[in-house]
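Asks: One file is attached below, upload00.csv, containing CSV, C-alpha atoms and all ligand atoms.
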chain,number,residue,atom,x,y,z
A,25,MET,CA,-25.2,-41.2,12.3
A,26,LYS,CA,-27.0,-42.2,9.2
A,27,ALA,CA,-27.8,-40.4,5.9
A,28,GLU,CA,-28.8,-41.7,2.5
A,29,PRO,CA,-25.8,-42.0,0.1
A,30,ALA,CA,-27.4,-39.5,-2.3
A,31,VAL,CA,-27.6,-37.0,0.6
A,32,GLN,CA,-24.1,-37.8,1.6
A,33,ARG,CA,-22.9,-37.0,-1.9
A,34,GLN,CA,-24.5,-33.6,-1.7
A,35,LEU,CA,-22.1,-32.9,1.1
A,36,LEU,CA,-19.4,-32.9,-1.6
A,37,ASP,CA,-21.1,-30.0,-3.4
A,38,LEU,CA,-21.3,-28.1,0.0
A,39,ALA,CA,-17.6,-28.9,0.6
A,40,LYS,CA,-16.7,-27.6,-2.9
A,41,VAL,CA,-18.6,-24.3,-2.2
A,42,ASP,CA,-17.0,-23.9,1.2
A,43,ALA,CA,-13.5,-24.6,-0.3
A,44,GLU,CA,-14.1,-21.8,-2.8
A,45,LEU,CA,-15.3,-19.5,0.0
A,46,THR,CA,-12.1,-20.3,2.0
A,47,ARG,CA,-10.0,-19.5,-1.1
A,48,VAL,CA,-11.9,-16.2,-1.5
A,49,ALA,CA,-11.2,-15.3,2.1
A,50,HIS,CA,-7.5,-16.2,1.8
A,51,ARG,CA,-7.2,-14.3,-1.5
A,52,ARG,CA,-8.8,-11.3,0.1
A,53,ARG,CA,-6.1,-11.2,2.8
A,54,THR,CA,-3.2,-11.9,0.5
A,55,LEU,CA,-3.9,-9.8,-2.6
A,56,PRO,CA,-0.5,-8.7,-4.0
A,57,GLU,CA,-2.0,-5.2,-4.4
A,58,LEU,CA,-2.2,-4.9,-0.6
A,59,ALA,CA,1.6,-5.3,-0.1
A,60,GLU,CA,2.1,-3.1,-3.2
A,61,ILE,CA,-0.1,-0.3,-1.8
A,62,GLU,CA,1.7,-0.5,1.6
A,63,ASP,CA,5.1,-0.1,-0.2
A,64,VAL,CA,3.9,2.7,-2.5
A,65,GLU,CA,2.3,4.6,0.5
A,66,LYS,CA,5.7,4.3,2.3
A,67,ARG,CA,7.5,5.8,-0.8
A,68,LEU,CA,4.9,8.5,-1.1
A,69,ARG,CA,5.4,9.5,2.6
A,70,GLU,CA,9.2,9.7,2.0
A,71,ARG,CA,8.8,11.7,-1.2
A,72,ARG,CA,6.4,14.1,0.4
A,73,ASP,CA,8.8,14.6,3.4
A,74,ALA,CA,11.6,15.3,0.9
A,75,LEU,CA,9.4,17.8,-0.9
A,76,VAL,CA,8.6,19.7,2.3
A,77,SER,CA,12.3,19.7,3.2
A,78,VAL,CA,13.5,21.2,-0.2
A,79,GLN,CA,10.5,23.6,-0.2
A,80,THR,CA,11.6,24.9,3.2
A,81,THR,CA,15.2,25.3,2.0
A,82,ALA,CA,13.9,27.2,-1.1
A,83,SER,CA,11.8,29.6,1.0
A,84,ASP,CA,14.7,30.2,3.4
A,85,LEU,CA,16.9,31.0,0.5
A,86,GLU,CA,14.3,33.3,-1.0
A,87,ARG,CA,14.2,35.2,2.3
A,88,ASP,CA,18.0,35.5,2.3
A,89,VAL,CA,18.0,36.8,-1.3
A,90,ALA,CA,15.4,39.4,-0.4
A,91,LYS,CA,17.4,40.5,2.7
A,92,GLN,CA,20.6,40.7,0.7
A,93,GLU,CA,18.7,42.8,-2.0
A,94,ARG,CA,17.6,45.3,0.8
A,95,GLU,CA,21.2,45.6,2.0
A,96,ILE,CA,22.6,46.2,-1.4
A,97,GLU,CA,19.8,48.8,-2.0
A,98,SER,CA,20.7,50.6,1.2
A,99,VAL,CA,24.4,50.7,0.3
A,100,ARG,CA,23.4,52.1,-3.2
A,101,ALA,CA,21.2,54.8,-1.6
A,102,ARG,CA,23.9,55.8,0.8
A,103,ALA,CA,26.4,56.2,-2.1
A,104,GLU,CA,23.8,58.1,-4.1
A,105,ARG,CA,23.3,60.5,-1.2
A,106,ASP,CA,27.1,60.9,-0.9
A,107,ARG,CA,27.4,61.7,-4.6
A,108,SER,CA,24.6,64.3,-4.4
A,109,LEU,CA,26.3,66.0,-1.5
A,110,MET,CA,29.6,66.1,-3.3
A,111,ALA,CA,27.9,67.5,-6.4
A,112,SER,CA,26.1,70.1,-4.4
A,113,GLY,CA,29.3,72.1,-3.8
A,114,SER,CA,28.2,72.9,-0.3
A,115,VAL,CA,30.7,70.7,1.5
A,116,SER,CA,34.1,71.6,2.8
A,117,ALA,CA,37.4,70.1,1.4
A,118,LYS,CA,37.7,67.9,4.6
A,119,GLN,CA,34.1,66.7,4.1
A,120,LEU,CA,34.8,66.0,0.4
A,121,ALA,CA,37.7,63.8,1.3
A,122,ASP,CA,35.7,61.9,3.9
A,123,LEU,CA,32.9,61.4,1.4
A,124,GLU,CA,35.3,60.1,-1.2
A,125,HIS,CA,36.7,57.7,1.3
A,126,GLU,CA,33.3,56.5,2.3
A,127,LEU,CA,32.3,56.1,-1.4
A,128,GLU,CA,35.3,53.8,-1.9
A,129,THR,CA,34.3,51.8,1.2
A,130,LEU,CA,30.7,51.6,0.0
A,131,ALA,CA,31.8,50.4,-3.5
A,132,ARG,CA,33.8,47.6,-1.9
A,133,ARG,CA,30.9,46.7,0.3
A,134,GLN,CA,28.5,46.7,-2.6
A,135,SER,CA,30.8,44.4,-4.6
A,136,VAL,CA,31.1,41.9,-1.8
A,137,LEU,CA,27.3,42.0,-1.2
A,138,GLU,CA,26.6,41.5,-5.0
A,139,ASP,CA,29.0,38.5,-5.1
A,140,ASP,CA,27.2,36.9,-2.1
A,141,GLN,CA,23.9,37.7,-3.8
A,142,LEU,CA,25.0,35.9,-7.0
A,143,GLU,CA,26.1,32.9,-5.0
A,144,LEU,CA,22.7,32.9,-3.1
A,145,MET,CA,20.8,33.0,-6.4
A,146,GLU,CA,22.8,30.2,-7.9
A,147,ARG,CA,22.0,28.1,-4.8
A,148,LYS,CA,18.3,29.1,-5.0
A,149,GLU,CA,18.2,28.0,-8.7
A,150,ALA,CA,19.6,24.6,-7.8
A,151,VAL,CA,17.1,24.2,-4.9
A,152,ASP,CA,14.2,25.3,-7.1
A,153,ALA,CA,15.2,22.6,-9.6
A,154,ASP,CA,15.2,20.1,-6.7
A,155,VAL,CA,11.7,21.3,-5.7
A,156,GLN,CA,10.5,20.7,-9.3
A,157,ARG,CA,12.1,17.3,-9.5
A,158,THR,CA,10.8,16.2,-6.1
A,159,ALA,CA,7.3,17.5,-6.8
A,160,ALA,CA,7.3,15.5,-10.1
A,161,GLU,CA,8.3,12.4,-8.1
A,162,VAL,CA,5.5,12.9,-5.7
A,163,ASP,CA,3.0,13.2,-8.6
A,164,LYS,CA,4.4,10.0,-10.1
A,165,VAL,CA,4.1,8.0,-6.9
A,166,GLU,CA,0.6,9.4,-6.2
A,167,GLN,CA,-0.4,8.1,-9.7
A,168,GLU,CA,1.2,4.7,-8.8
A,169,LEU,CA,-0.8,4.6,-5.6
A,170,ALA,CA,-4.1,5.5,-7.4
A,171,ASP,CA,-3.4,2.7,-10.0
A,172,ALA,CA,-2.6,0.1,-7.3
A,173,ARG,CA,-5.8,1.1,-5.3
A,174,LYS,CA,-7.8,0.8,-8.5
A,175,ARG,CA,-6.5,-2.7,-9.2
A,176,ARG,CA,-7.1,-3.7,-5.6
A,177,ASP,CA,-10.7,-2.5,-5.7
A,178,GLU,CA,-11.3,-4.4,-9.0
A,179,ALA,CA,-9.9,-7.5,-7.5
A,180,LEU,CA,-12.0,-7.1,-4.4
A,181,ALA,CA,-15.1,-6.5,-6.5
A,182,ASP,CA,-14.4,-9.8,-8.3
A,183,LEU,CA,-14.0,-11.6,-5.0
A,184,ASP,CA,-17.2,-10.0,-3.7
A,185,ALA,CA,-19.1,-11.3,-6.7
A,186,THR,CA,-17.6,-14.8,-6.3
A,187,GLN,CA,-18.4,-14.8,-2.6
A,188,ALA,CA,-22.0,-13.7,-3.2
A,189,ARG,CA,-22.5,-16.5,-5.8
A,190,ARG,CA,-21.1,-19.2,-3.5
A,191,GLU,CA,-23.1,-18.0,-0.5
A,192,SER,CA,-26.2,-18.3,-2.5
A,193,ASP,CA,-25.2,-21.8,-3.6
A,194,ARG,CA,-24.7,-22.6,0.1
A,195,GLU,CA,-28.2,-21.3,1.0
A,196,ARG,CA,-29.6,-23.4,-1.8
A,197,LEU,CA,-27.8,-26.6,-0.7
A,198,LEU,CA,-28.3,-26.4,3.1
A,199,PRO,CA,-32.1,-26.9,3.3
A,200,ARG,CA,-31.7,-30.2,1.3
A,201,LEU,CA,-29.4,-31.7,4.0
A,202,PRO,CA,-30.5,-33.1,7.4
A,203,GLU,CA,-29.7,-30.8,10.3
A,204,ASN,CA,-27.7,-33.3,12.3
A,205,LEU,CA,-25.5,-34.1,9.3
A,206,VAL,CA,-24.9,-30.3,8.6
A,207,ALA,CA,-24.1,-29.9,12.3
A,208,LEU,CA,-21.5,-32.6,12.2
A,209,TYR,CA,-20.1,-31.2,8.9
A,210,GLU,CA,-19.8,-27.7,10.4
A,211,ARG,CA,-18.2,-29.0,13.6
A,212,VAL,CA,-15.5,-30.8,11.7
A,213,ARG,CA,-15.0,-27.8,9.3
A,214,ALA,CA,-14.7,-25.4,12.2
A,215,HIS,CA,-11.9,-27.5,13.8
A,216,LYS,CA,-10.1,-28.9,10.7
A,217,GLY,CA,-11.0,-26.6,7.8
A,218,ILE,CA,-12.6,-29.3,5.6
A,219,GLY,CA,-16.0,-30.9,6.7
A,220,ALA,CA,-16.4,-33.6,4.1
A,221,ALA,CA,-14.5,-35.1,1.2
A,222,LEU,CA,-14.6,-37.9,-1.3
A,223,LEU,CA,-12.9,-41.1,-0.4
A,224,LYS,CA,-11.0,-41.6,-3.6
A,225,ALA,CA,-8.9,-44.7,-4.3
A,226,ARG,CA,-8.7,-45.3,-0.6
A,227,ARG,CA,-7.4,-41.8,0.0
A,228,CYS,CA,-9.1,-39.2,2.1
A,229,GLY,CA,-9.8,-36.2,-0.1
A,230,ALA,CA,-9.4,-33.8,2.8
A,231,CYS,CA,-6.1,-34.7,4.4
A,232,GLN,CA,-4.9,-36.9,1.4
A,233,LEU,CA,-3.9,-39.7,3.8
A,234,GLU,CA,-4.2,-43.2,2.3
A,235,LEU,CA,-6.4,-45.2,4.7
A,236,ASP,CA,-4.8,-48.4,6.1
A,237,ARG,CA,-6.2,-51.9,5.6
A,238,SER,CA,-8.2,-52.0,8.8
A,239,ALA,CA,-9.8,-48.6,8.3
A,240,ILE,CA,-10.8,-49.7,4.8
A,241,SER,CA,-12.3,-52.9,6.0
A,242,GLU,CA,-14.3,-51.0,8.7
A,243,ILE,CA,-15.6,-48.6,6.0
A,244,LYS,CA,-16.4,-51.6,3.7
A,245,ALA,CA,-18.3,-53.2,6.6
A,246,ALA,CA,-20.3,-50.1,7.3
A,247,ALA,CA,-23.8,-49.8,5.9
A,248,GLU,CA,-24.0,-47.5,2.9
A,249,ASP,CA,-26.2,-45.0,4.8
A,250,GLU,CA,-23.7,-45.0,7.7
A,251,VAL,CA,-21.8,-41.7,7.9
A,252,VAL,CA,-18.1,-42.5,8.2
A,253,GLN,CA,-15.3,-40.1,9.1
A,254,CYS,CA,-11.6,-40.1,8.3
A,255,GLU,CA,-9.7,-41.4,11.4
A,256,ASN,CA,-6.9,-38.9,10.7
A,257,CYS,CA,-8.7,-35.6,10.0
A,258,ASP,CA,-12.3,-36.3,11.0
A,259,ALA,CA,-13.7,-35.3,7.6
A,260,ILE,CA,-16.9,-37.0,6.6
A,261,LEU,CA,-15.8,-39.5,4.0
A,262,VAL,CA,-18.3,-39.8,1.1
A,263,ARG,CA,-18.2,-43.1,-0.7
A,264,THR,CA,-18.7,-43.4,-4.4
A,265,LEU,CA,-17.6,-45.9,-7.1
A,266,GLU,CA,-14.3,-44.1,-7.1
A,267,SER,CA,-13.6,-45.0,-3.5
A,268,GLY,CA,-11.7,-48.2,-4.3
A,269,LEU,CA,-13.6,-50.3,-1.8
A,301,ZN,ZN,-8.6,-37.2,6.3
Using structure tokens, write down the structure that the file contains.

Replies:
Amino acid sequence: MKAEPAVQRQLLDLAKVDAELTRVAHRRRTLPELAEIEDVEKRLRERRDALVSVQTTASDLERDVAKQEREIESVRARAERDRSLMASGSVSAKQLADLEHELETLARRQSVLEDDQLELMERKEAVDADVQRTAAEVDKVEQELADARKRRDEALADLDATQARRESDRERLLPRLPENLVALYERVRAHKGIGAALLKARRCGACQLELDRSAISEIKAAAEDEVVQCENCDAILVRTLESGL
């Protein structure tokens, strides 16, 4: 294949644009914010699960406290009724003794229930503090996630802008190059990643291999409009004064 040396040199501009497009695509896949977001999302799920768990414990305890309250209330009402009966003077001596006995039992029962109630309320207080703390943690991690997403979106917007600039550079460069040369360039790039490179000081700018004596003499012997390729990586080798020939 043949192409004017000036045309061949334009392949270097195209290769530079494509290298940047490759960097943009790589950067897009490997943004540190992506791993960070994944990690924060995992922590957020854990904190939200923990919050649901302590909230459930808190509402169970609340129900227990209310139930205990109703029981204490019914013991109090019963004692109140007994005291009214005793005060009414309409009960026999036997009934009076029974009522006194029952009042003692009710007083003991009320004391036990109130002790339990106190313990329940202390536990409830501790769990409520847990709910508060866990909810604050959820808020904090949600904020971290929003920050990381914002930074990711900013980085992606930068990459979008760079990509758009380089794609328009590409569209500007392509029509200046012969179709068969572009086809060769694209074929090599599709297989090896880099389609063309400068031959600099006898070294291929694509694979960095230093060409051996026989390869160099073949390139030296080739006409300057001959398109030559690296024998190692197939990249089109563009010759300039820097090539060391
Ligand atoms: Zn090479």

Asks: Just give me the gap between CA of Val206 in chain A and CA of Ser238 in chain A in Å, one decimal is fine.

Replies: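 So the answer is 27.4 Å.
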
Asks: When you count all atoms listed in the file, which of these residues is closest to ligand ZN 301 (chain A): A:Ala131, A:Cys228, A:Ile240, A:Leu235?

Replies: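 Counting all atoms listed in the file, the residue closest to ligand ZN 301 (chain A) is A:Cys228.
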
Asks: Mind listing the residues within 8 Å of ligand ZN 301 (chain A), all atoms listed in the file counted, as a ChimeraX atom specification?

Replies: /A:227-233,253-259,261

Asks: I want to know what sits within 9 Å of range 177-184 of chain A, based on all atoms listed in the file, with residues of the same chain fewer than 5 positions away left out; could you give that as number ranges by chain?

Replies: A: 48-49, 51-52, 55, 57, 172, 189

Asks: With a distance cut-off of 7 Å and only C-alpha atoms, select the neighbouring residues of range 194-205 of chain A, excluding the residue or stretch itself and same-chain residues fewer than 6 positions from it, and output the selection as a VMD selection string.

Replies: chain A and resid 31 38 41

Asks: State, in Å with one decimal place, the distance from CA of Thr46 in chain A to CA of Asp171 in chain A.

Replies: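 If I compute the distance from CA of Thr46 in chain A to CA of Asp171 in chain A, I get 27.4 Å.
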
Asks: For Thr80 in chain A, which residue out of A:Glu250, A:Asp63, A:Glu161, A:Asp154 is the nearest one, using all atoms listed in the file?

Replies: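 Closest residue, counting all atoms listed in the file: A:Asp154.
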
Asks: Contacts of Ile243 in chain A at 9 Å or less, counting only C-alpha atoms, minus same-chain residues fewer than 4 places along, as a PyMOL selection string?

Replies: chain A and resi 238-239+247+252+269

Asks: If I put a ball of radius 12 Å at (33.3, 52.6, 3.1) in the file's coordinates, which residues poke into it when counting all atoms listed in the file, written as a compact mmCIF listing (two decimals) with C-alpha atoms, in the frame of the given file?

Replies:
# COMPACT_ATOMS: atom_id res chain seq x y z
CA VAL A 99 24.40 50.70 0.30
CA ARG A 100 23.40 52.10 -3.20
CA ARG A 102 23.90 55.80 0.80
CA ALA A 103 26.40 56.20 -2.10
CA ASP A 106 27.10 60.90 -0.90
CA ASP A 122 35.70 61.90 3.90
CA LEU A 123 32.90 61.40 1.40
CA GLU A 124 35.30 60.10 -1.20
CA HIS A 125 36.70 57.70 1.30
CA GLU A 126 33.30 56.50 2.30
CA LEU A 127 32.30 56.10 -1.40
CA GLU A 128 35.30 53.80 -1.90
CA THR A 129 34.30 51.80 1.20
CA LEU A 130 30.70 51.60 0.00
CA ALA A 131 31.80 50.40 -3.50
CA ARG A 132 33.80 47.60 -1.90
CA ARG A 133 30.90 46.70 0.30
CA GLN A 134 28.50 46.70 -2.60
CA SER A 135 30.80 44.40 -4.60
CA VAL A 136 31.10 41.90 -1.80

Asks: Got a sec: who's within 10 Å of Lys40 in chain A, counting only C-alpha atoms, leaving out chain neighbours fewer than 4 positions off, as a tab-separated table (two decimals) with C-alpha atoms, in the frame of the given file?

Replies:
chain	number	residue	atom	x	y	z
A	34	GLN	CA	-24.50	-33.60	-1.70
A	35	LEU	CA	-22.10	-32.90	1.10
A	36	LEU	CA	-19.40	-32.90	-1.60
A	44	GLU	CA	-14.10	-21.80	-2.80
A	45	LEU	CA	-15.30	-19.50	0.00
A	46	THR	CA	-12.10	-20.30	2.00
A	190	ARG	CA	-21.10	-19.20	-3.50
A	194	ARG	CA	-24.70	-22.60	0.10
A	218	ILE	CA	-12.60	-29.30	5.60
A	220	ALA	CA	-16.40	-33.60	4.10
A	221	ALA	CA	-14.50	-35.10	1.20

Asks: So which one's closest to Leu75 in chain A, A:Lys91, A:Arg157, A:Arg105, A:Lys244? Using only C-alpha atoms, please.

Replies: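 Result for the nearest residue to Leu75 in chain A: A:Arg157.
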
Asks: Rounded to one decimal in Å, what is the spacing between CA of Leu142 in chain A and CA of Glu86 in chain A?

Replies: 12.5 Å

Asks: Smallest atom-to-atom distance to Leu120 in chain A: which of A:Ala214, A:Arg107, A:Met25, A:Ala225, using all atoms listed in the file?

Replies: A:Arg107

Asks: From the list A:Lys66, A:Lys26, A:His50, A:Arg72, which residue is nearest Leu208 in chain A when using all atoms listed in the file?

Replies: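 Looking at the shortest contact to Leu208 in chain A, the residue is A:Lys26.
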
Asks: As JSON, please: the centre and edge lengths in Å, to one decimal, of an axis-aligned box enclosing every listed atom of range 263-269 of chain A with 3 Å added on each side.

Replies:
{"center_x": -15.2, "center_y": -46.7, "center_z": -3.9, "size_x": 13.0, "size_y": 13.2, "size_z": 12.4}

Asks: Which is closer to Glu28 in chain A than all the others in A:Val115, A:Leu137, A:Val262, A:Ala74, using all atoms listed in the file?

Replies: A:Val262
